[in-house]
$ cat structure-v1.cif   # mmCIF, C-alpha atoms and all ligand atoms
data_upload
loop_
_atom_site.label_atom_id
_atom_site.label_comp_id
_atom_site.auth_asym_id
_atom_site.auth_seq_id
_atom_site.Cartn_x
_atom_site.Cartn_y
_atom_site.Cartn_z
CA MET A 1 100.41 135.59 118.46
CA THR A 2 100.91 136.14 122.18
CA SER A 3 104.12 134.87 123.64
CA HIS A 4 103.87 132.51 126.61
CA PRO A 5 107.02 131.33 128.32
CA SER A 6 107.41 127.59 127.83
CA ILE A 7 108.38 125.33 130.67
CA LEU A 8 109.17 122.29 128.56
CA HIS A 9 112.63 121.02 127.81
CA TYR A 10 113.06 120.32 124.11
CA ASN A 11 115.63 119.56 121.48
CA GLU A 12 115.71 121.42 118.19
CA GLN A 13 117.63 120.71 114.99
CA GLY A 14 117.43 121.74 111.36
CA GLN A 15 115.72 124.57 109.56
CA GLY A 16 112.62 124.88 107.44
CA THR A 17 109.02 123.89 108.03
CA PRO A 18 108.51 123.21 111.75
CA LEU A 19 107.88 119.62 112.70
CA ILE A 20 107.10 118.63 116.30
CA LEU A 21 107.55 115.00 117.36
CA LEU A 22 105.80 114.00 120.61
CA HIS A 23 106.99 110.99 122.59
CA GLY A 24 104.92 108.19 124.08
CA PHE A 25 104.62 106.89 127.63
CA PRO A 26 106.82 106.58 129.70
CA PHE A 27 109.60 107.83 127.46
CA ASP A 28 111.27 111.11 126.56
CA HIS A 29 112.26 113.07 123.48
CA THR A 30 115.21 110.77 122.70
CA LEU A 31 112.69 108.22 121.44
CA TRP A 32 112.63 110.22 118.20
CA ASP A 33 116.41 110.87 117.96
CA GLU A 34 116.98 108.89 114.79
CA GLN A 35 114.00 110.34 112.89
CA ALA A 36 114.73 113.88 114.15
CA ARG A 37 118.29 113.62 112.85
CA ALA A 38 117.17 112.21 109.49
CA LEU A 39 114.42 114.78 108.95
CA SER A 40 116.44 117.79 110.10
CA ASP A 41 117.91 118.08 106.59
CA HIS A 42 114.61 119.61 105.44
CA TYR A 43 112.66 120.44 108.58
CA ARG A 44 113.03 122.38 111.80
CA VAL A 45 112.48 119.40 114.07
CA ILE A 46 111.45 119.99 117.66
CA THR A 47 111.29 117.12 120.13
CA PRO A 48 109.95 118.15 123.55
CA ASP A 49 109.85 116.22 126.81
CA PHE A 50 106.36 116.24 128.27
CA ARG A 51 105.90 117.62 131.78
CA GLY A 52 107.10 115.00 134.26
CA PHE A 53 109.35 113.25 131.71
CA GLY A 54 112.95 113.62 130.53
CA THR A 55 114.28 116.87 131.89
CA SER A 56 111.03 118.85 131.80
CA PRO A 57 109.69 120.09 135.15
CA ILE A 58 107.83 117.64 137.29
CA SER A 59 104.88 118.25 139.59
CA GLU A 60 102.39 116.08 141.41
CA GLY A 61 98.88 115.72 140.01
CA THR A 62 97.09 114.34 136.97
CA TYR A 63 98.65 115.19 133.60
CA HIS A 64 95.58 115.64 131.45
CA MET A 65 96.17 115.29 127.70
CA GLU A 66 94.67 118.75 127.23
CA SER A 67 97.18 120.31 129.67
CA ALA A 68 100.00 118.57 127.83
CA ALA A 69 98.60 120.01 124.57
CA ARG A 70 98.57 123.48 126.18
CA ASP A 71 102.22 122.99 127.14
CA ILE A 72 102.99 122.25 123.47
CA LEU A 73 101.07 125.35 122.36
CA ALA A 74 103.08 127.45 124.85
CA LEU A 75 106.27 125.92 123.45
CA MET A 76 105.17 126.79 119.92
CA ASP A 77 104.43 130.35 121.05
CA SER A 78 107.80 130.73 122.73
CA LEU A 79 109.56 129.42 119.59
CA ASN A 80 107.50 131.71 117.39
CA ILE A 81 105.90 128.83 115.50
CA PRO A 82 102.38 129.68 114.38
CA LYS A 83 101.80 126.32 112.72
CA ALA A 84 103.64 123.00 112.61
CA GLY A 85 103.42 119.42 111.46
CA VAL A 86 102.67 117.49 114.66
CA PHE A 87 103.42 113.79 115.03
CA GLY A 88 102.64 111.92 118.22
CA HIS A 89 103.55 108.41 119.27
CA SER A 90 100.97 106.61 121.41
CA MET A 91 100.42 108.93 124.42
CA GLY A 92 101.99 111.65 122.25
CA GLY A 93 99.22 110.89 119.75
CA TYR A 94 96.58 111.39 122.44
CA VAL A 95 98.17 114.79 123.05
CA ALA A 96 98.32 115.56 119.32
CA LEU A 97 94.58 114.85 119.08
CA ALA A 98 93.93 117.05 122.13
CA LEU A 99 95.99 119.76 120.43
CA TRP A 100 93.85 119.39 117.32
CA GLN A 101 90.74 119.87 119.45
CA LEU A 102 92.16 122.96 121.15
CA ALA A 103 93.80 124.73 118.24
CA PRO A 104 93.38 123.08 114.82
CA GLU A 105 94.69 126.23 113.15
CA ARG A 106 98.13 125.53 114.68
CA ILE A 107 98.51 122.14 112.94
CA SER A 108 99.51 121.92 109.27
CA ALA A 109 99.77 118.12 109.12
CA LEU A 110 99.04 115.47 111.68
CA GLY A 111 100.84 112.19 112.31
CA LEU A 112 99.27 109.59 114.58
CA VAL A 113 101.84 106.89 115.28
CA CYS A 114 100.71 103.68 117.04
CA THR A 115 97.92 105.57 118.72
CA HIS A 116 94.14 105.95 118.60
CA ALA A 117 91.25 108.24 119.52
CA TRP A 118 89.14 106.05 121.79
CA ALA A 119 88.87 106.48 125.55
CA ASP A 120 90.01 103.76 127.95
CA THR A 121 87.56 101.04 128.90
CA GLN A 122 86.69 100.75 132.57
CA GLU A 123 88.99 97.73 132.80
CA VAL A 124 91.95 99.61 131.31
CA ARG A 125 91.28 102.55 133.65
CA GLN A 126 91.34 100.26 136.66
CA GLY A 127 94.55 98.66 135.38
CA ARG A 128 96.18 102.10 135.07
CA GLU A 129 95.12 103.01 138.63
CA LYS A 130 96.62 99.76 139.92
CA THR A 131 99.85 100.39 138.01
CA ALA A 132 99.94 103.97 139.34
CA ASP A 133 99.76 102.64 142.91
CA GLN A 134 102.46 100.05 142.20
CA VAL A 135 104.77 102.63 140.62
CA PHE A 136 104.11 105.08 143.46
CA ASN A 137 105.27 102.43 145.92
CA GLY A 138 107.83 100.55 143.87
CA GLY A 139 109.13 103.02 141.27
CA ALA A 140 109.52 102.71 137.49
CA LYS A 141 110.94 99.17 137.60
CA VAL A 142 107.35 97.90 137.99
CA LEU A 143 106.69 99.16 134.47
CA VAL A 144 109.64 97.35 132.97
CA GLU A 145 108.03 94.02 133.77
CA SER A 146 104.53 94.94 132.62
CA LEU A 147 105.41 97.00 129.53
CA MET A 148 108.54 95.51 127.96
CA PRO A 149 106.93 92.26 126.74
CA ARG A 150 104.14 94.19 124.96
CA LEU A 151 106.15 97.03 123.40
CA PHE A 152 107.86 95.15 120.60
CA ALA A 153 106.95 92.66 117.87
CA PRO A 154 106.48 89.24 119.48
CA ASP A 155 109.26 87.75 117.33
CA ILE A 156 111.76 90.51 118.14
CA ASP A 157 115.45 89.57 118.08
CA THR A 158 116.20 89.67 121.81
CA THR A 159 119.78 90.79 121.15
CA GLU A 160 118.65 94.12 119.65
CA PRO A 161 120.53 96.89 121.49
CA PHE A 162 117.43 99.13 121.55
CA LEU A 163 115.80 96.74 124.04
CA GLU A 164 118.29 97.81 126.71
CA VAL A 165 117.95 101.46 125.65
CA THR A 166 114.18 101.16 126.14
CA ARG A 167 114.56 99.43 129.49
CA GLN A 168 116.88 102.18 130.72
CA MET A 169 114.54 104.90 129.47
CA ILE A 170 111.65 103.35 131.41
CA LEU A 171 113.83 102.97 134.51
CA SER A 172 114.91 106.60 134.37
CA ALA A 173 111.29 107.85 134.30
CA LYS A 174 110.23 109.40 137.60
CA ALA A 175 107.40 107.83 139.58
CA ILE A 176 105.51 111.13 139.95
CA GLY A 177 105.58 111.68 136.19
CA ILE A 178 104.50 108.12 135.46
CA VAL A 179 101.60 108.32 137.92
CA GLY A 180 100.50 111.73 136.59
CA ALA A 181 100.50 110.48 133.00
CA LEU A 182 98.71 107.20 133.83
CA ARG A 183 95.92 109.15 135.52
CA GLY A 184 95.83 111.66 132.67
CA MET A 185 95.52 108.93 130.05
CA ALA A 186 92.82 107.20 132.09
CA SER A 187 90.76 110.39 132.20
CA ARG A 188 91.10 111.33 128.56
CA PRO A 189 87.85 111.77 126.64
CA ASP A 190 86.80 109.67 123.69
CA LEU A 191 87.62 111.71 120.58
CA SER A 192 86.58 109.14 117.99
CA ALA A 193 83.37 110.98 117.04
CA SER A 194 85.39 114.04 116.04
CA LEU A 195 87.76 112.21 113.67
CA PRO A 196 85.67 113.09 110.56
CA GLN A 197 86.27 116.77 111.38
CA ILE A 198 90.03 116.51 110.98
CA THR A 199 90.68 118.41 107.81
CA VAL A 200 94.48 118.56 107.61
CA PRO A 201 96.54 115.89 105.83
CA THR A 202 96.89 113.07 108.33
CA ALA A 203 99.21 110.07 108.43
CA ILE A 204 98.22 107.08 110.50
CA ILE A 205 101.43 105.15 111.06
CA ALA A 206 101.04 101.65 112.46
CA GLY A 207 103.27 98.71 113.32
CA ASP A 208 101.93 95.54 111.70
CA LYS A 209 102.76 93.62 114.91
CA ASP A 210 101.73 96.26 117.46
CA GLN A 211 100.36 94.44 120.53
CA ILE A 212 99.19 97.65 122.23
CA VAL A 213 97.37 99.42 119.38
CA PRO A 214 96.34 96.66 116.96
CA LEU A 215 96.34 97.32 113.24
CA ASN A 216 92.52 97.23 113.03
CA ARG A 217 92.39 100.33 115.27
CA ALA A 218 94.74 102.15 112.89
CA GLU A 219 92.55 101.06 109.96
CA ALA A 220 89.45 102.37 111.72
CA MET A 221 91.17 105.70 112.35
CA ALA A 222 92.26 105.98 108.72
CA GLY A 223 88.72 105.18 107.60
CA ALA A 224 87.21 107.86 109.83
CA ILE A 225 89.53 110.76 108.97
CA PRO A 226 88.75 112.22 105.53
CA HIS A 227 92.32 112.98 104.38
CA ALA A 228 94.15 110.20 106.16
CA VAL A 229 96.69 107.82 104.71
CA LEU A 230 97.49 104.59 106.50
CA ILE A 231 101.17 103.69 106.48
CA THR A 232 101.96 100.26 107.88
CA ILE A 233 105.51 99.68 109.09
CA GLU A 234 106.30 96.03 108.53
CA ASN A 235 108.01 93.92 111.15
CA SER A 236 107.33 96.42 113.88
CA GLY A 237 105.46 96.40 117.13
CA HIS A 238 104.50 99.48 119.13
CA MET A 239 107.95 101.09 118.79
CA PRO A 240 108.59 101.62 115.06
CA MET A 241 111.02 104.46 115.82
CA PHE A 242 113.33 101.83 117.32
CA GLU A 243 112.26 98.65 115.56
CA GLN A 244 112.29 100.12 112.03
CA PRO A 245 113.94 103.54 112.41
CA GLN A 246 114.70 104.17 108.73
CA ALA A 247 111.32 103.00 107.46
CA THR A 248 109.66 105.25 110.05
CA ALA A 249 111.70 108.30 109.03
CA LEU A 250 111.01 107.53 105.36
CA ALA A 251 107.28 107.20 105.98
CA ILE A 252 107.21 110.63 107.63
CA ARG A 253 109.37 112.13 104.89
CA HIS A 254 107.19 110.80 102.07
CA PHE A 255 104.00 111.86 103.75
CA LEU A 256 105.28 115.38 104.45
CA GLY A 257 106.68 115.64 100.94
CA GLU A 258 103.31 114.88 99.45
CA SER A 259 101.56 117.22 101.87
CA LEU A 260 104.09 119.99 101.36
CA PRO A 261 101.80 122.49 99.61
CA ASN A 262 99.69 122.40 102.76
CA LEU A 263 102.61 122.86 105.07
CA ARG A 264 103.30 126.57 104.66
CA THR A 265 103.55 128.25 108.04
C1 LIG B 301 102.28 104.70 125.05
O1 LIG B 301 103.09 104.01 124.41
O2 LIG B 301 102.35 105.95 125.06
C2 LIG B 301 101.26 104.00 125.88
O3 LIG B 301 101.33 102.62 125.65
C3 LIG B 301 99.89 104.51 125.63
C4 LIG B 301 98.86 103.87 126.51
O4 LIG B 301 99.20 103.28 127.54
O5 LIG B 301 97.66 104.00 126.20
#

$ encode --input "structure-v1.cif" --output "structure tokens"
Amino acid sequence: MTSHPSILHYNEQGQGTPLILLHGFPFDHTLWDEQARALSDHYRVITPDFRGFGTSPISEGTYHMESAARDILALMDSLNIPKAGVFGHSMGGYVALALWQLAPERISALGLVCTHAWADTQEVRQGREKTADQVFNGGAKVLVESLMPRLFAPDIDTTEPFLEVTRQMILSAKAIGIVGALRGMASRPDLSASLPQITVPTAIIAGDKDQIVPLNRAEAMAGAIPHAVLITIENSGHMPMFEQPQATALAIRHFLGESLPNLRT
């Protein structure tokens, strides 16, 4: 394995089989804090910030999912990790699928959390371009208004402290990073036709009340991937790590436990 210096900021805790948790848009590695802490009793858990997010370096331009996947491969190289369990939430799932395309031999188990393999429709692409312009001019607060109402289960208890945590995380995202990721997501290819080729154990984790990636998309993914299990987190929208943190950690733990013989690095 060649060693490439990694540019990404990441957090690491625990020892054992490497497990990489990729955050969604427009968040950072702290999204996974609770699960990383819980799983670090058995796993070496690595939670990176994507380029342009958290404290990773930021640069202008389009953040293609494939480039983000290459950043993760460079991080794995620099940490001497030949193979890892890779879980991605939403945009992190797009990157996990891009990583699978680039280097399937580096993934021992795949977790696709509130995410899917289809490309954007023309309408969604145009919406992302409009949002990118608005964020470029008005900053991250534009996203708070458009995203917050769709992120959580519609009947969410509005006093939940994680709502403010989420709002602050969105507000702290930098406009250049947001714009780069929006354009990168808009340009991502449709990977749905390659789902039957995924041969590693795969968990599709879905919120039963997800308004962004509806449950039927998760079901379609689970049906298309030969070794996939569908795990539905009840009473959760698009943010099961916050809405149902223990159930989410347990789902990952059970899945990895059952896949363990396949998780040797
Ligand atoms: C995410 O949570 O990462 C985003 O909602 C993904 C997307 O906009 O497609």

$ closest_atom_pairs --input "structure-v1.cif" --of "chain A" --to "ligand LIG 301 (chain B)" --cutoff "9 Å" --atoms "all atoms listed in the file" --output "JSON lines"
{"residue": "A:His23", "atom": "CA", "partner": "B:LIG301", "partner_atom": "O2", "distance": 7.3}
{"residue": "A:Gly24", "atom": "CA", "partner": "B:LIG301", "partner_atom": "O2", "distance": 3.5}
{"residue": "A:Phe25", "atom": "CA", "partner": "B:LIG301", "partner_atom": "O2", "distance": 3.6}
{"residue": "A:Pro26", "atom": "CA", "partner": "B:LIG301", "partner_atom": "O2", "distance": 6.5}
{"residue": "A:Phe27", "atom": "CA", "partner": "B:LIG301", "partner_atom": "O2", "distance": 7.9}
{"residue": "A:His89", "atom": "CA", "partner": "B:LIG301", "partner_atom": "O2", "distance": 6.4}
{"residue": "A:Ser90", "atom": "CA", "partner": "B:LIG301", "partner_atom": "O2", "distance": 4.0}
{"residue": "A:Met91", "atom": "CA", "partner": "B:LIG301", "partner_atom": "O2", "distance": 3.6}
{"residue": "A:Gly92", "atom": "CA", "partner": "B:LIG301", "partner_atom": "O2", "distance": 6.4}
{"residue": "A:Gly93", "atom": "CA", "partner": "B:LIG301", "partner_atom": "O2", "distance": 7.9}
{"residue": "A:Tyr94", "atom": "CA", "partner": "B:LIG301", "partner_atom": "C3", "distance": 8.3}
{"residue": "A:Cys114", "atom": "CA", "partner": "B:LIG301", "partner_atom": "O1", "distance": 7.8}
{"residue": "A:Thr115", "atom": "CA", "partner": "B:LIG301", "partner_atom": "C3", "distance": 7.3}
{"residue": "A:His116", "atom": "CA", "partner": "B:LIG301", "partner_atom": "O5", "distance": 8.6}
{"residue": "A:Asp120", "atom": "CA", "partner": "B:LIG301", "partner_atom": "O5", "distance": 7.9}
{"residue": "A:Val124", "atom": "CA", "partner": "B:LIG301", "partner_atom": "O5", "distance": 8.8}
{"residue": "A:Arg128", "atom": "CA", "partner": "B:LIG301", "partner_atom": "O4", "distance": 8.2}
{"residue": "A:Leu147", "atom": "CA", "partner": "B:LIG301", "partner_atom": "O3", "distance": 8.0}
{"residue": "A:Arg150", "atom": "CA", "partner": "B:LIG301", "partner_atom": "O3", "distance": 8.9}
{"residue": "A:Leu151", "atom": "CA", "partner": "B:LIG301", "partner_atom": "O1", "distance": 7.7}
{"residue": "A:Leu182", "atom": "CA", "partner": "B:LIG301", "partner_atom": "O4", "distance": 7.4}
{"residue": "A:Met185", "atom": "CA", "partner": "B:LIG301", "partner_atom": "O5", "distance": 6.6}
{"residue": "A:Ala186", "atom": "CA", "partner": "B:LIG301", "partner_atom": "O5", "distance": 8.3}
{"residue": "A:Ile212", "atom": "CA", "partner": "B:LIG301", "partner_atom": "O3", "distance": 6.4}
{"residue": "A:Val213", "atom": "CA", "partner": "B:LIG301", "partner_atom": "O3", "distance": 8.1}
{"residue": "A:His238", "atom": "CA", "partner": "B:LIG301", "partner_atom": "O1", "distance": 7.1}
{"residue": "A:Met239", "atom": "CA", "partner": "B:LIG301", "partner_atom": "O1", "distance": 8.0}

$ atom_distance --input "structure-v1.cif" --atom1 "CA of Leu195 (chain A)" --atom2 "CA of Ala119 (chain A)"
13.2 Å

$ residues_around --input "structure-v1.cif" --residues "region 188-191 of chain A" --least-positions-apart "4" --cutoff "7 Å" --atoms "only C-alpha atoms" --output "mmCIF file with C-alpha atoms, in the coordinates of the input"
data_model
loop_
_atom_site.group_PDB
_atom_site.id
_atom_site.type_symbol
_atom_site.label_atom_id
_atom_site.label_comp_id
_atom_site.auth_asym_id
_atom_site.auth_seq_id
_atom_site.Cartn_x
_atom_site.Cartn_y
_atom_site.Cartn_z
ATOM 1 C CA HIS A 64 95.580 115.640 131.450
ATOM 2 C CA MET A 65 96.170 115.290 127.700
ATOM 3 C CA ALA A 117 91.250 108.240 119.520
ATOM 4 C CA TRP A 118 89.140 106.050 121.790
ATOM 5 C CA ALA A 119 88.870 106.480 125.550
ATOM 6 C CA GLY A 184 95.830 111.660 132.670
ATOM 7 C CA LEU A 195 87.760 112.210 113.670
#

$ atom_distance --input "structure-v1.cif" --atom1 "CA of Lys141 (chain A)" --atom2 "CA of Leu163 (chain A)"
14.6 Å

$ closest_residue --input "structure-v1.cif" --among "A:Thr202, A:Gln13, A:Ser59, A:Ser194" --to "Val86 (chain A)" --atoms "only C-alpha atoms"
A:Thr202

$ atom_distance --input "structure-v1.cif" --atom1 "CA of Leu171 (chain A)" --atom2 "CA of Val144 (chain A)"
7.2 Å

$ closest_residue --input "structure-v1.cif" --among "A:Pro201, A:Gly257, A:Gly85, A:Pro245" --to "Leu19 (chain A)" --atoms "all atoms listed in the file"
A:Gly85

$ decode --input "structure-v1.cif" --residues "region 31-86 of chain A" --atoms "C-alpha atoms" --output "mmCIF file, in the first residue's frame"
data_model
loop_
_atom_site.group_PDB
_atom_site.id
_atom_site.type_symbol
_atom_site.label_atom_id
_atom_site.label_comp_id
_atom_site.auth_asym_id
_atom_site.auth_seq_id
_atom_site.Cartn_x
_atom_site.Cartn_y
_atom_site.Cartn_z
ATOM 1 C CA LEU A 31 -22.840 14.213 13.598
ATOM 2 C CA TRP A 32 -21.641 10.712 14.486
ATOM 3 C CA ASP A 33 -20.279 11.533 17.975
ATOM 4 C CA GLU A 34 -22.717 9.394 19.908
ATOM 5 C CA GLN A 35 -22.376 6.315 17.677
ATOM 6 C CA ALA A 36 -18.579 6.714 17.458
ATOM 7 C CA ARG A 37 -18.348 6.762 21.248
ATOM 8 C CA ALA A 38 -20.649 3.745 21.625
ATOM 9 C CA LEU A 39 -18.904 1.651 18.966
ATOM 10 C CA SER A 40 -15.361 2.525 20.038
ATOM 11 C CA ASP A 41 -15.519 -0.260 22.646
ATOM 12 C CA HIS A 42 -15.010 -2.790 19.839
ATOM 13 C CA TYR A 43 -13.962 -0.808 16.785
ATOM 14 C CA ARG A 44 -11.340 1.688 15.704
ATOM 15 C CA VAL A 45 -13.816 4.391 14.735
ATOM 16 C CA ILE A 46 -12.693 7.148 12.396
ATOM 17 C CA THR A 47 -14.943 10.122 11.689
ATOM 18 C CA PRO A 48 -13.507 12.503 9.075
ATOM 19 C CA ASP A 49 -14.669 15.950 8.028
ATOM 20 C CA PHE A 50 -15.079 16.137 4.273
ATOM 21 C CA ARG A 51 -13.105 18.784 2.392
ATOM 22 C CA GLY A 52 -14.822 22.140 2.907
ATOM 23 C CA PHE A 53 -16.560 21.045 6.137
ATOM 24 C CA GLY A 54 -15.687 21.035 9.834
ATOM 25 C CA THR A 55 -12.014 21.806 10.167
ATOM 26 C CA SER A 56 -10.842 20.127 6.959
ATOM 27 C CA PRO A 57 -9.225 22.382 4.347
ATOM 28 C CA ILE A 58 -11.494 24.392 2.139
ATOM 29 C CA SER A 59 -11.049 25.358 -1.492
ATOM 30 C CA GLU A 60 -13.259 26.790 -4.194
ATOM 31 C CA GLY A 61 -14.642 24.486 -6.872
ATOM 32 C CA THR A 62 -16.992 21.535 -7.235
ATOM 33 C CA TYR A 63 -16.579 18.761 -4.665
ATOM 34 C CA HIS A 64 -17.258 15.694 -6.766
ATOM 35 C CA MET A 65 -18.266 12.593 -4.799
ATOM 36 C CA GLU A 66 -15.394 10.724 -6.442
ATOM 37 C CA SER A 67 -12.852 13.317 -5.208
ATOM 38 C CA ALA A 68 -14.303 13.041 -1.721
ATOM 39 C CA ALA A 69 -13.922 9.240 -1.995
ATOM 40 C CA ARG A 70 -10.284 9.729 -3.040
ATOM 41 C CA ASP A 71 -9.767 11.914 0.039
ATOM 42 C CA ILE A 72 -11.093 9.045 2.180
ATOM 43 C CA LEU A 73 -8.783 6.562 0.441
ATOM 44 C CA ALA A 74 -5.824 8.893 1.122
ATOM 45 C CA LEU A 75 -6.900 9.079 4.763
ATOM 46 C CA MET A 76 -7.062 5.280 4.940
ATOM 47 C CA ASP A 77 -3.583 5.084 3.406
ATOM 48 C CA SER A 78 -2.152 7.590 5.845
ATOM 49 C CA LEU A 79 -3.701 5.679 8.780
ATOM 50 C CA ASN A 80 -2.426 2.388 7.412
ATOM 51 C CA ILE A 81 -5.914 0.962 6.981
ATOM 52 C CA PRO A 82 -6.091 -1.435 4.038
ATOM 53 C CA LYS A 83 -9.771 -2.192 4.530
ATOM 54 C CA ALA A 84 -12.575 -0.780 6.670
ATOM 55 C CA GLY A 85 -16.279 -0.908 7.334
ATOM 56 C CA VAL A 86 -17.586 2.279 5.705
#
